[in-house]
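Chemist: As input, take entry_0.csv (CSV, C-alpha atoms and all ligand atoms):
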```
chain,number,residue,atom,x,y,z
A,3,MET,CA,10.0,-24.4,-29.3
A,4,ALA,CA,10.2,-25.4,-32.9
A,5,TYR,CA,12.8,-26.5,-35.4
A,6,LEU,CA,12.9,-24.9,-38.8
A,7,THR,CA,14.1,-26.0,-42.2
A,8,LEU,CA,14.9,-23.8,-45.1
A,9,LYS,CA,15.4,-25.8,-48.3
A,10,ASN,CA,16.7,-23.9,-51.4
A,11,ILE,CA,14.7,-20.8,-50.5
A,12,ASN,CA,14.6,-18.1,-53.2
A,13,LYS,CA,13.1,-14.7,-53.3
A,14,ILE,CA,12.4,-12.9,-56.5
A,15,TYR,CA,10.5,-9.6,-56.0
A,16,PRO,CA,7.6,-8.7,-58.4
A,17,ASN,CA,10.0,-6.2,-60.1
A,18,GLY,CA,12.2,-9.2,-61.0
A,19,TYR,CA,14.9,-8.5,-58.4
A,20,HIS,CA,16.4,-11.8,-57.2
A,21,ALA,CA,17.1,-10.9,-53.5
A,22,VAL,CA,17.8,-14.4,-52.0
A,23,HIS,CA,19.4,-17.3,-53.8
A,24,ASN,CA,19.2,-20.9,-52.7
A,25,PHE,CA,19.2,-20.4,-48.9
A,26,ASN,CA,19.6,-23.7,-47.1
A,27,LEU,CA,19.6,-23.9,-43.3
A,28,GLU,CA,18.4,-26.3,-40.6
A,29,ILE,CA,17.6,-24.4,-37.3
A,30,GLU,CA,17.5,-26.5,-34.1
A,31,LYS,CA,14.9,-26.2,-31.3
A,32,GLY,CA,16.0,-23.4,-29.0
A,33,GLU,CA,18.9,-22.3,-31.2
A,34,PHE,CA,19.8,-18.6,-31.5
A,35,VAL,CA,20.8,-18.0,-35.2
A,36,VAL,CA,21.9,-14.6,-36.4
A,37,PHE,CA,21.7,-13.5,-40.1
A,38,VAL,CA,24.5,-10.9,-40.7
A,39,GLY,CA,25.8,-9.0,-43.7
A,40,PRO,CA,25.9,-5.6,-45.2
A,41,SER,CA,22.8,-3.6,-45.9
A,42,GLY,CA,20.8,-5.0,-48.9
A,43,CYS,CA,22.2,-8.6,-48.7
A,44,GLY,CA,18.8,-10.2,-48.2
A,45,LYS,CA,18.7,-10.7,-44.4
A,46,SER,CA,15.3,-9.0,-43.8
A,47,THR,CA,13.8,-10.6,-46.9
A,48,THR,CA,14.7,-14.1,-45.6
A,49,LEU,CA,13.4,-13.3,-42.1
A,50,ARG,CA,10.2,-11.9,-43.6
A,51,MET,CA,9.7,-15.1,-45.6
A,52,ILE,CA,10.1,-17.1,-42.4
A,53,ALA,CA,7.6,-14.8,-40.6
A,54,GLY,CA,5.1,-15.2,-43.5
A,55,LEU,CA,5.2,-11.5,-44.3
A,56,GLU,CA,6.7,-12.1,-47.7
A,57,ASP,CA,5.9,-14.9,-50.2
A,58,ILE,CA,8.5,-17.5,-50.8
A,59,SER,CA,9.3,-17.6,-54.6
A,60,GLY,CA,11.0,-20.9,-54.6
A,61,GLY,CA,12.1,-23.7,-52.2
A,62,GLU,CA,10.4,-25.1,-49.2
A,63,PHE,CA,10.1,-23.8,-45.6
A,64,LEU,CA,9.2,-26.2,-42.9
A,65,ILE,CA,8.2,-25.8,-39.2
A,66,ASP,CA,8.8,-28.9,-37.1
A,67,GLY,CA,9.2,-30.9,-40.4
A,68,LYS,CA,5.9,-29.7,-41.9
A,69,ARG,CA,5.6,-27.5,-45.0
A,70,ALA,CA,4.7,-24.0,-43.9
A,71,ASN,CA,5.1,-22.0,-47.2
A,72,GLU,CA,1.4,-21.4,-47.4
A,73,LEU,CA,0.7,-20.6,-43.8
A,74,GLY,CA,-0.1,-17.0,-42.8
A,75,PRO,CA,1.9,-15.2,-40.1
A,76,ARG,CA,-0.6,-16.1,-37.3
A,77,GLU,CA,-0.6,-19.8,-38.2
A,78,ARG,CA,3.1,-20.0,-38.0
A,79,GLU,CA,3.1,-18.9,-34.3
A,80,VAL,CA,6.0,-16.5,-34.6
A,81,ALA,CA,6.6,-13.3,-32.6
A,82,MET,CA,8.5,-10.6,-34.3
A,83,VAL,CA,10.4,-7.5,-32.9
A,84,PHE,CA,11.3,-4.8,-35.4
A,85,GLN,CA,13.7,-1.9,-35.4
A,86,SER,CA,11.0,0.6,-34.6
A,87,TYR,CA,9.3,-0.4,-31.4
A,88,ALA,CA,5.7,0.4,-32.6
A,89,LEU,CA,4.3,0.7,-29.1
A,90,TYR,CA,0.8,2.2,-28.6
A,91,PRO,CA,1.6,5.7,-27.3
A,92,GLN,CA,-1.7,6.1,-25.4
A,93,MET,CA,-1.4,2.7,-23.6
A,94,THR,CA,0.6,2.0,-20.4
A,95,VAL,CA,3.5,-0.4,-20.5
A,96,TYR,CA,1.2,-3.0,-18.9
A,97,ASP,CA,-1.5,-2.6,-21.6
A,98,ASN,CA,1.1,-2.6,-24.4
A,99,ILE,CA,2.6,-5.9,-23.1
A,100,ALA,CA,-0.9,-7.4,-22.5
A,101,PHE,CA,-2.3,-6.3,-25.8
A,102,GLY,CA,-1.9,-9.5,-27.8
A,103,LEU,CA,-3.4,-11.6,-25.0
A,104,THR,CA,-6.3,-9.2,-24.5
A,105,LEU,CA,-7.1,-9.4,-28.2
A,106,GLN,CA,-7.2,-13.2,-27.9
A,107,GLY,CA,-9.7,-12.9,-25.0
A,108,VAL,CA,-7.4,-14.5,-22.4
A,109,ASP,CA,-8.7,-14.3,-18.8
A,110,GLU,CA,-7.7,-11.2,-16.9
A,111,ASP,CA,-6.0,-13.0,-14.1
A,112,VAL,CA,-4.0,-15.2,-16.5
A,113,ILE,CA,-3.0,-12.0,-18.3
A,114,GLU,CA,-2.0,-10.3,-15.0
A,115,LYS,CA,0.2,-13.3,-14.1
A,116,ARG,CA,1.9,-13.4,-17.5
A,117,VAL,CA,2.5,-9.6,-17.7
A,118,GLN,CA,4.0,-9.6,-14.2
A,119,ASN,CA,6.3,-12.5,-15.2
A,120,THR,CA,7.3,-10.9,-18.5
A,121,ALA,CA,8.0,-7.6,-16.7
A,122,ARG,CA,10.1,-9.4,-14.2
A,123,ILE,CA,12.2,-11.1,-16.9
A,124,LEU,CA,12.7,-7.7,-18.6
A,125,GLY,CA,13.2,-5.6,-15.5
A,126,LEU,CA,10.0,-3.5,-16.2
A,127,THR,CA,8.0,-4.2,-13.1
A,128,GLU,CA,8.3,-0.7,-11.7
A,129,TYR,CA,7.4,0.9,-15.1
A,130,LEU,CA,4.1,-1.0,-15.8
A,131,ASP,CA,1.9,2.1,-15.1
A,132,ARG,CA,4.0,4.4,-17.3
A,133,LEU,CA,3.3,5.5,-20.9
A,134,PRO,CA,5.9,4.8,-23.5
A,135,ARG,CA,6.9,8.5,-23.8
A,136,ALA,CA,8.1,8.4,-20.2
A,137,LEU,CA,10.6,5.6,-21.0
A,138,SER,CA,14.1,5.5,-22.4
A,139,GLY,CA,14.8,4.0,-25.8
A,140,GLY,CA,16.2,0.8,-24.2
A,141,GLN,CA,13.1,0.5,-22.0
A,142,ARG,CA,10.8,1.0,-24.9
A,143,GLN,CA,12.6,-1.8,-26.8
A,144,ARG,CA,12.2,-4.0,-23.8
A,145,VAL,CA,8.4,-3.4,-23.8
A,146,ALA,CA,8.4,-4.3,-27.5
A,147,ILE,CA,10.2,-7.5,-26.7
A,148,GLY,CA,7.9,-8.1,-23.8
A,149,ARG,CA,4.9,-7.9,-26.1
A,150,ALA,CA,6.5,-10.5,-28.3
A,151,ILE,CA,7.6,-13.0,-25.7
A,152,ILE,CA,4.4,-12.9,-23.6
A,153,ARG,CA,2.7,-14.8,-26.4
A,154,LYS,CA,5.0,-17.8,-25.6
A,155,VAL,CA,5.3,-18.8,-29.3
A,156,GLY,CA,8.0,-21.2,-30.3
A,157,ILE,CA,9.7,-18.9,-32.8
A,158,PHE,CA,11.1,-15.5,-32.0
A,159,LEU,CA,12.2,-13.2,-34.9
A,160,MET,CA,14.1,-10.0,-34.4
A,161,ASP,CA,15.0,-7.5,-37.2
A,162,GLU,CA,17.8,-5.1,-36.1
A,163,PRO,CA,16.1,-4.6,-32.7
A,164,LEU,CA,18.9,-2.5,-31.3
A,165,SER,CA,19.6,-0.1,-34.1
A,166,ASN,CA,17.7,2.8,-32.6
A,167,LEU,CA,19.6,2.7,-29.4
A,168,ASP,CA,22.8,4.4,-28.4
A,169,ALA,CA,26.1,2.5,-28.1
A,170,LYS,CA,25.8,2.0,-24.3
A,171,GLN,CA,22.1,0.9,-24.4
A,172,ARG,CA,23.0,-1.5,-27.2
A,173,VAL,CA,25.5,-3.3,-25.1
A,174,THR,CA,23.0,-3.6,-22.2
A,175,MET,CA,20.2,-4.8,-24.4
A,176,ARG,CA,22.5,-7.3,-26.1
A,177,TYR,CA,23.1,-8.8,-22.7
A,178,GLU,CA,19.4,-8.8,-21.8
A,179,ILE,CA,18.4,-10.4,-25.1
A,180,ALA,CA,20.9,-13.2,-24.3
A,181,GLN,CA,19.3,-13.6,-20.9
A,182,ILE,CA,15.8,-13.6,-22.3
A,183,HIS,CA,16.8,-16.3,-24.7
A,184,ARG,CA,18.2,-18.3,-21.9
A,185,GLU,CA,15.0,-18.0,-19.9
A,186,THR,CA,12.5,-18.5,-22.7
A,187,GLY,CA,14.5,-21.0,-24.7
A,188,ALA,CA,12.6,-19.9,-27.9
A,189,THR,CA,14.1,-20.7,-31.2
A,190,THR,CA,15.4,-17.3,-32.3
A,191,ILE,CA,16.5,-15.7,-35.5
A,192,TYR,CA,18.1,-12.3,-35.2
A,193,VAL,CA,19.0,-10.0,-38.1
A,194,THR,CA,21.8,-7.5,-37.8
A,195,HIS,CA,24.4,-5.8,-40.0
A,196,ASP,CA,26.7,-5.6,-36.9
A,197,GLN,CA,29.2,-8.3,-36.6
A,198,THR,CA,29.8,-7.7,-32.9
A,199,GLU,CA,26.1,-8.3,-32.2
A,200,ALA,CA,26.3,-11.4,-34.3
A,201,MET,CA,29.4,-12.8,-32.6
A,202,THR,CA,28.2,-12.1,-29.0
A,203,LEU,CA,24.6,-13.4,-29.4
A,204,ALA,CA,24.7,-16.3,-31.8
A,205,ASP,CA,24.9,-20.0,-31.4
A,206,ARG,CA,25.4,-20.0,-35.2
A,207,ILE,CA,25.8,-17.2,-37.6
A,208,VAL,CA,24.8,-17.0,-41.3
A,209,VAL,CA,26.9,-14.5,-43.2
A,210,MET,CA,25.2,-13.2,-46.3
A,211,LYS,CA,26.3,-11.1,-49.2
A,212,ASP,CA,24.4,-10.0,-52.4
A,213,GLY,CA,21.6,-12.5,-51.6
A,214,TYR,CA,23.9,-15.5,-51.2
A,215,VAL,CA,24.9,-17.3,-48.1
A,216,GLN,CA,28.7,-17.0,-47.7
A,217,GLN,CA,29.2,-19.2,-44.7
A,218,ILE,CA,27.3,-20.8,-41.8
A,219,GLY,CA,29.1,-21.6,-38.5
A,220,THR,CA,29.6,-20.8,-34.9
A,221,PRO,CA,31.3,-17.5,-34.0
A,222,TYR,CA,34.4,-19.5,-33.3
A,223,GLU,CA,34.4,-21.2,-36.7
A,224,LEU,CA,33.8,-18.0,-38.6
A,225,TYR,CA,36.6,-16.2,-36.8
A,226,TYR,CA,39.2,-18.9,-37.1
A,227,LYS,CA,38.1,-20.7,-40.2
A,228,PRO,CA,36.6,-18.1,-42.6
A,229,ALA,CA,35.6,-19.7,-45.9
A,230,ASN,CA,36.5,-16.7,-48.1
A,231,VAL,CA,37.9,-13.2,-48.2
A,232,PHE,CA,34.4,-11.6,-47.6
A,233,VAL,CA,33.8,-13.5,-44.3
A,234,ALA,CA,37.4,-13.0,-43.2
A,235,GLY,CA,37.1,-9.3,-43.7
A,236,PHE,CA,33.5,-9.0,-42.2
A,237,ILE,CA,34.0,-10.9,-38.9
A,238,GLY,CA,36.5,-9.3,-36.5
A,239,GLU,CA,37.2,-5.7,-35.5
A,240,PRO,CA,39.4,-4.1,-36.6
A,241,PRO,CA,39.0,-6.2,-39.8
A,242,MET,CA,41.5,-8.8,-41.0
A,243,ASN,CA,44.5,-7.3,-43.0
A,244,PHE,CA,44.9,-8.4,-46.6
A,245,VAL,CA,48.0,-8.4,-48.8
A,246,ARG,CA,47.5,-9.0,-52.5
A,247,GLY,CA,50.3,-10.1,-54.7
A,248,THR,CA,51.6,-12.6,-57.3
A,249,VAL,CA,53.3,-15.8,-56.3
A,250,GLN,CA,56.9,-15.7,-57.6
A,251,ASN,CA,59.3,-18.6,-56.8
A,252,GLY,CA,56.8,-19.6,-54.1
A,253,CYS,CA,57.1,-16.2,-52.4
A,254,LEU,CA,54.9,-13.2,-51.9
A,255,ALA,CA,56.7,-9.9,-51.9
A,256,PHE,CA,55.6,-6.5,-50.6
A,257,GLY,CA,57.6,-3.5,-49.4
A,258,ASP,CA,60.9,-5.0,-48.2
A,259,ASN,CA,59.3,-8.2,-47.3
A,260,ARG,CA,59.5,-11.6,-49.0
A,261,LEU,CA,57.4,-14.3,-47.5
A,262,ASP,CA,58.2,-18.0,-48.3
A,263,LEU,CA,54.7,-19.3,-48.8
A,264,LYS,CA,55.9,-23.0,-48.9
A,265,ARG,CA,56.3,-22.7,-45.1
A,266,LYS,CA,52.6,-22.1,-44.8
A,267,TYR,CA,51.2,-24.2,-47.7
A,268,ALA,CA,53.2,-27.0,-49.3
A,269,GLY,CA,51.0,-27.0,-52.4
A,270,ILE,CA,51.8,-23.3,-53.3
A,271,ASP,CA,53.4,-24.4,-56.6
A,272,ARG,CA,50.1,-24.5,-58.3
A,273,TYR,CA,49.7,-20.8,-57.7
A,274,GLU,CA,53.0,-19.9,-59.3
A,275,GLY,CA,52.6,-16.7,-61.3
A,276,LYS,CA,49.0,-16.3,-60.0
A,277,GLU,CA,47.6,-13.7,-57.7
A,278,ILE,CA,46.8,-14.6,-54.1
A,279,VAL,CA,45.5,-12.8,-51.1
A,280,LEU,CA,47.3,-13.3,-47.7
A,281,GLY,CA,45.3,-12.4,-44.6
A,282,PHE,CA,46.2,-11.9,-41.0
A,283,ARG,CA,44.3,-10.5,-38.0
A,284,PRO,CA,45.5,-7.3,-36.3
A,285,GLU,CA,45.4,-9.0,-32.9
A,286,ALA,CA,47.3,-12.1,-34.1
A,287,ILE,CA,50.7,-10.5,-34.6
A,288,VAL,CA,53.6,-10.4,-32.2
A,289,LEU,CA,56.1,-7.5,-32.1
A,290,GLY,CA,59.6,-8.4,-33.0
A,291,GLU,CA,60.7,-11.7,-34.6
A,292,ALA,CA,59.0,-14.9,-33.8
A,293,PRO,CA,60.6,-18.3,-34.9
A,294,GLU,CA,57.4,-19.8,-36.3
A,295,GLY,CA,56.3,-16.7,-38.1
A,296,TYR,CA,56.8,-14.4,-41.0
A,297,PRO,CA,58.8,-11.3,-39.9
A,298,ILE,CA,57.5,-8.1,-41.5
A,299,THR,CA,59.2,-4.7,-41.6
A,300,CYS,CA,56.9,-1.7,-41.9
A,301,ARG,CA,56.5,2.0,-41.2
A,302,VAL,CA,54.3,3.2,-38.3
A,303,GLU,CA,52.0,5.9,-39.7
A,304,LEU,CA,49.6,6.4,-36.8
A,305,THR,CA,48.7,5.0,-33.4
A,306,GLU,CA,45.4,5.0,-31.6
A,307,MET,CA,45.6,4.3,-27.9
A,308,LEU,CA,42.3,2.6,-26.8
A,309,GLY,CA,43.1,1.7,-23.2
A,310,ASP,CA,44.6,-1.7,-22.7
A,311,ASN,CA,45.5,-1.9,-26.4
A,312,THR,CA,46.6,0.3,-29.3
A,313,ASN,CA,45.7,0.2,-32.9
A,314,VAL,CA,48.9,0.7,-35.0
A,315,TYR,CA,48.5,1.8,-38.6
A,316,VAL,CA,51.4,0.7,-40.7
A,317,THR,CA,52.5,0.6,-44.3
A,318,ALA,CA,54.9,-1.7,-46.2
A,319,GLY,CA,55.3,-0.7,-49.8
A,320,ASP,CA,51.7,-0.1,-51.1
A,321,THR,CA,50.2,-2.3,-48.4
A,322,GLN,CA,48.5,-0.9,-45.4
A,323,ALA,CA,47.6,-2.8,-42.3
A,324,ILE,CA,46.4,-2.3,-38.7
A,325,LEU,CA,48.2,-4.1,-35.8
A,326,LYS,CA,46.7,-4.4,-32.4
A,327,VAL,CA,49.3,-4.3,-29.7
A,328,ASP,CA,49.4,-4.1,-25.9
A,329,SER,CA,49.2,-0.3,-25.2
A,330,HIS,CA,52.4,-0.6,-23.1
A,331,ASP,CA,54.2,-1.6,-26.3
A,332,THR,CA,52.8,1.3,-28.4
A,333,PRO,CA,55.5,2.2,-30.9
A,334,GLU,CA,56.6,5.7,-32.0
A,335,THR,CA,55.1,7.1,-35.3
A,336,ASP,CA,57.3,7.6,-38.3
A,337,VAL,CA,59.7,4.8,-37.4
A,338,ASP,CA,60.3,1.4,-38.9
A,339,ILE,CA,59.3,-1.6,-36.8
A,340,THR,CA,59.3,-5.4,-37.2
A,341,PHE,CA,56.5,-7.6,-36.3
A,342,SER,CA,55.7,-11.3,-37.0
A,343,ILE,CA,52.7,-13.1,-38.2
A,344,PRO,CA,52.6,-16.6,-36.6
A,345,LEU,CA,52.2,-19.1,-39.4
A,346,GLU,CA,49.1,-20.6,-37.7
A,347,SER,CA,47.5,-17.1,-38.0
A,348,VAL,CA,48.2,-16.7,-41.7
A,349,TYR,CA,45.3,-17.2,-44.2
A,350,LEU,CA,45.8,-17.7,-47.9
A,351,PHE,CA,43.0,-17.0,-50.4
A,352,ASP,CA,42.7,-17.6,-54.1
A,353,ALA,CA,42.5,-14.1,-55.6
A,354,GLY,CA,40.2,-15.4,-58.4
A,355,THR,CA,37.6,-17.3,-56.4
A,356,GLU,CA,38.4,-15.5,-53.1
A,357,ASN,CA,38.0,-18.8,-51.4
A,358,VAL,CA,40.4,-19.9,-48.7
A,359,ILE,CA,43.3,-22.1,-49.9
A,360,GLU,CA,43.6,-25.2,-47.6
I,1,LIG,P1,18.9,-6.4,-45.7
I,1,LIG,O1,17.9,-6.8,-44.7
I,1,LIG,O2,20.1,-7.4,-45.8
I,1,LIG,O3,19.4,-5.0,-45.6
I,1,LIG,P2,16.8,-6.7,-47.6
I,1,LIG,O4,16.4,-8.1,-47.4
I,1,LIG,O5,15.9,-5.7,-47.0
I,1,LIG,O6,18.3,-6.5,-47.2
I,1,LIG,O7,16.8,-6.4,-49.2
I,1,LIG,C1,17.6,-7.2,-50.1
I,1,LIG,C2,17.5,-6.6,-51.5
I,1,LIG,O8,16.1,-6.7,-52.0
I,1,LIG,C3,17.9,-5.2,-51.5
I,1,LIG,O9,18.6,-5.0,-52.7
I,1,LIG,C4,16.5,-4.5,-51.6
I,1,LIG,O10,16.7,-3.2,-52.3
I,1,LIG,C5,15.7,-5.5,-52.3
I,1,LIG,N1,14.3,-5.3,-52.0
I,1,LIG,C6,13.7,-5.3,-50.7
I,1,LIG,N2,12.4,-5.2,-50.8
I,1,LIG,C7,12.1,-5.1,-52.1
I,1,LIG,C8,10.8,-5.0,-52.8
I,1,LIG,N3,9.7,-5.0,-52.2
I,1,LIG,N4,10.9,-5.0,-54.2
I,1,LIG,C9,12.1,-5.1,-54.8
I,1,LIG,N5,13.3,-5.2,-54.2
I,1,LIG,C10,13.3,-5.2,-52.9
```
Just give me the structure of the file as structure tokens.

Modeler:
Amino acid sequence: MAYLTLKNINKIYPNGYHAVHNFNLEIEKGEFVVFVGPSGCGKSTTLRMIAGLEDISGGEFLIDGKRANELGPREREVAMVFQSYALYPQMTVYDNIAFGLTLQGVDEDVIEKRVQNTARILGLTEYLDRLPRALSGGQRQRVAIGRAIIRKVGIFLMDEPLSNLDAKQRVTMRYEIAQIHRETGATTIYVTHDQTEAMTLADRIVVMKDGYVQQIGTPYELYYKPANVFVAGFIGEPPMNFVRGTVQNGCLAFGDNRLDLKRKYAGIDRYEGKEIVLGFRPEAIVLGEAPEGYPITCRVELTEMLGDNTNVYVTAGDTQAILKVDSHDTPETDVDITFSIPLESVYLFDAGTENVIE
């Protein structure tokens, strides 16, 4: 296990593209950190700089407190799992898992013991004699993970390891990756564009956009205390609803609704005449009127029954929103309803900076 320090890390590609800006992070021993953000935000670039596969253009990267910028991938003692499994098709599962150790000239009986142990952790014991083509996608990815964890390195890097799997396999493998982390205790960095994977796996999440870190925090902190509009909209499914408007006499008006913002934020005066963004999560609302909340009237346009809950698509003036309600309370379409946003579940953002107003 190792702890990692990223100090002001920058990446400028040879063509001049500045892909990562001033990335700062301290990763504890054994921690599971997820880099998440839309495609092209710089997640893989950062991971590849940590792996030693990409030069660091600026800043300092330390492993266990020692500068590692100049170390090659092998010297960093990292294991990496990629999106494509890259197994050797002509080798059995056993040989694929054993490959790294065989190359290092480790004793046969030591290899045997480690392969058996790795296979047990990954539930691959009965497949050791098979060739990769006789495995499902999920099993192949487990072999790729086995090949990485058998080396017992202190740092485990994963780049979108589940993206070639179907939805069901992804859920199973997600659980297994969490179990493997619990068993091996390796310091892990995991890259994904999928916020659900990030939320379910991470001790801490780093949200990135356009090469900049937007926020670093536990899943709980990101969900309940998003720093800005981007994080608020990225974490959570369905995403947070946003109402944009100008503050007039301390109020925000949309459709037939007029929300007295002073009830939420006493300092709203300084936003008088300015544009703000109000956010609320689909699952945070209550149907009907709640005393400590903003009552909203809106029109039901569409409902999606998902089992225990229903997504309700509503409009109020030009504003659209999604509400998540108990499926027993699914409203009719094309009728007006009232729901309330509890004050504690209301977020206000500065429309200029997009940062949360506190
Ligand atoms: P992510 O993993 O978040 O999808 P990447 O780290 O792969 O994003 O890429 C970040 C940005 O850097 C993207 O705009 C990408 O096009 C750019 N990029 C990646 N590799 C190179 C390269 N070798 N040369 C120039 N630009 C690159």

Chemist: Could you please extract the residues within 12 Å of ligand LIG 1 (chain I), counting only C-alpha atoms and all ligand atoms, and hand them back as a VMD selection string?

Modeler: chain A and resid 12 to 23 36 to 51 55 to 57 84 to 85 160 to 162 192 to 196 208 to 215

Chemist: Could you tell me how far CA of Asn230 (chain A) sits from CA of Glu360 (chain A), in Å to one decimal place?

Modeler: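 Spanning CA of Glu360 (chain A) to CA of Asn230 (chain A) is a straight-line distance of 11.1 Å.
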
Chemist: May I ask which of the residues A:Phe351, A:Tyr273, A:Phe341, A:Tyr315 is the closest one to Thr299 (chain A), counting all atoms listed in the file?

Modeler: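 That would be A:Phe341, the residue with the smallest distance to Thr299 (chain A).
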
Chemist: Kindly indicate which residue among A:Gln197, A:Ser347, A:Thr202, A:Asn119 lies nearest to Ala286 (chain A), using all atoms listed in the file for the distances.

Modeler: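 Of A:Gln197, A:Ser347, A:Thr202, A:Asn119, the one nearest Ala286 (chain A) is A:Ser347, counting all atoms listed in the file.
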
Chemist: Counting all atoms listed in the file, note down every residue that has an atom within 12 Å of the point (5.5, -7.0, -22.8) (file coordinates), as an MDAnalysis selection string.

Modeler: chainID A and resid 81 83 87 89:90 93:103 113:127 129:130 134 141:154

Chemist: Between CA of Val249 (chain A) and CA of Leu304 (chain A), measure the distance and give it in Å to one decimal.

Modeler: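 Those two atoms sit 29.8 Å apart.
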
Chemist: Tell me which of A:Leu289, A:Ala234, A:Arg301, A:Asp352 sits closest to Thr248 (chain A), counting all atoms listed in the file.

Modeler: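 Distance minimum relative to Thr248 (chain A) lands on A:Asp352.
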
Chemist: Take CA of Ile179 (chain A) and CA of Ile191 (chain A) and report the distance between them in Å, one decimal.

Modeler: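 CA of Ile191 (chain A) lies 11.8 Å from CA of Ile179 (chain A).
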
Chemist: Ranking A:Gly32, A:Ile278, A:Arg283, A:Asp271 by minimum distance to Tyr225 (chain A) and counting all atoms listed in the file, which one comes first?

Modeler: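 When distances to Tyr225 (chain A) are compared using all atoms listed in the file, the smallest one comes from A:Arg283.
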
Chemist: Can I get all heavy atoms for region 67-72 of chain A, as a short mmCIF file (atom, residue, chain, number, x, y, z; two decimals), in the first residue's frame?

Modeler:
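Result saved to part.cif:
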```
data_model
loop_
_atom_site.label_atom_id
_atom_site.label_comp_id
_atom_site.auth_asym_id
_atom_site.auth_seq_id
_atom_site.Cartn_x
_atom_site.Cartn_y
_atom_site.Cartn_z
N GLY A 67 5.63 9.96 -0.31
CA GLY A 67 6.40 11.15 0.03
C GLY A 67 7.66 11.36 -0.81
O GLY A 67 8.36 12.36 -0.62
N LYS A 68 7.95 10.46 -1.74
CA LYS A 68 9.16 10.61 -2.56
C LYS A 68 8.80 10.97 -3.99
O LYS A 68 7.89 10.37 -4.58
CB LYS A 68 9.96 9.31 -2.57
CG LYS A 68 10.58 8.97 -1.23
CD LYS A 68 11.56 7.82 -1.41
CE LYS A 68 11.60 6.87 -0.25
NZ LYS A 68 10.41 6.13 0.09
N ARG A 69 9.53 11.93 -4.55
CA ARG A 69 9.26 12.38 -5.90
C ARG A 69 9.34 11.20 -6.88
O ARG A 69 10.30 10.43 -6.86
CB ARG A 69 10.28 13.45 -6.30
CG ARG A 69 10.04 14.02 -7.69
CD ARG A 69 11.03 15.15 -7.99
NE ARG A 69 11.07 15.44 -9.40
CZ ARG A 69 10.41 16.45 -9.97
NH1 ARG A 69 9.70 17.27 -9.23
NH2 ARG A 69 10.48 16.65 -11.27
N ALA A 70 8.29 11.09 -7.74
CA ALA A 70 8.22 9.94 -8.65
C ALA A 70 8.08 10.38 -10.10
O ALA A 70 7.96 9.53 -11.00
CB ALA A 70 7.06 9.05 -8.24
N ASN A 71 8.12 11.69 -10.35
CA ASN A 71 7.92 12.20 -11.73
C ASN A 71 8.76 11.45 -12.76
O ASN A 71 8.31 11.16 -13.86
CB ASN A 71 8.31 13.68 -11.83
CG ASN A 71 7.35 14.58 -11.13
OD1 ASN A 71 6.92 14.29 -10.04
ND2 ASN A 71 7.00 15.71 -11.76
N GLU A 72 10.01 11.17 -12.40
CA GLU A 72 10.95 10.63 -13.39
C GLU A 72 10.96 9.10 -13.42
O GLU A 72 11.65 8.51 -14.25
CB GLU A 72 12.37 11.15 -13.12
CG GLU A 72 12.57 12.63 -13.47
CD GLU A 72 11.96 13.59 -12.44
OE1 GLU A 72 11.82 13.18 -11.27
OE2 GLU A 72 11.59 14.73 -12.82
#
```
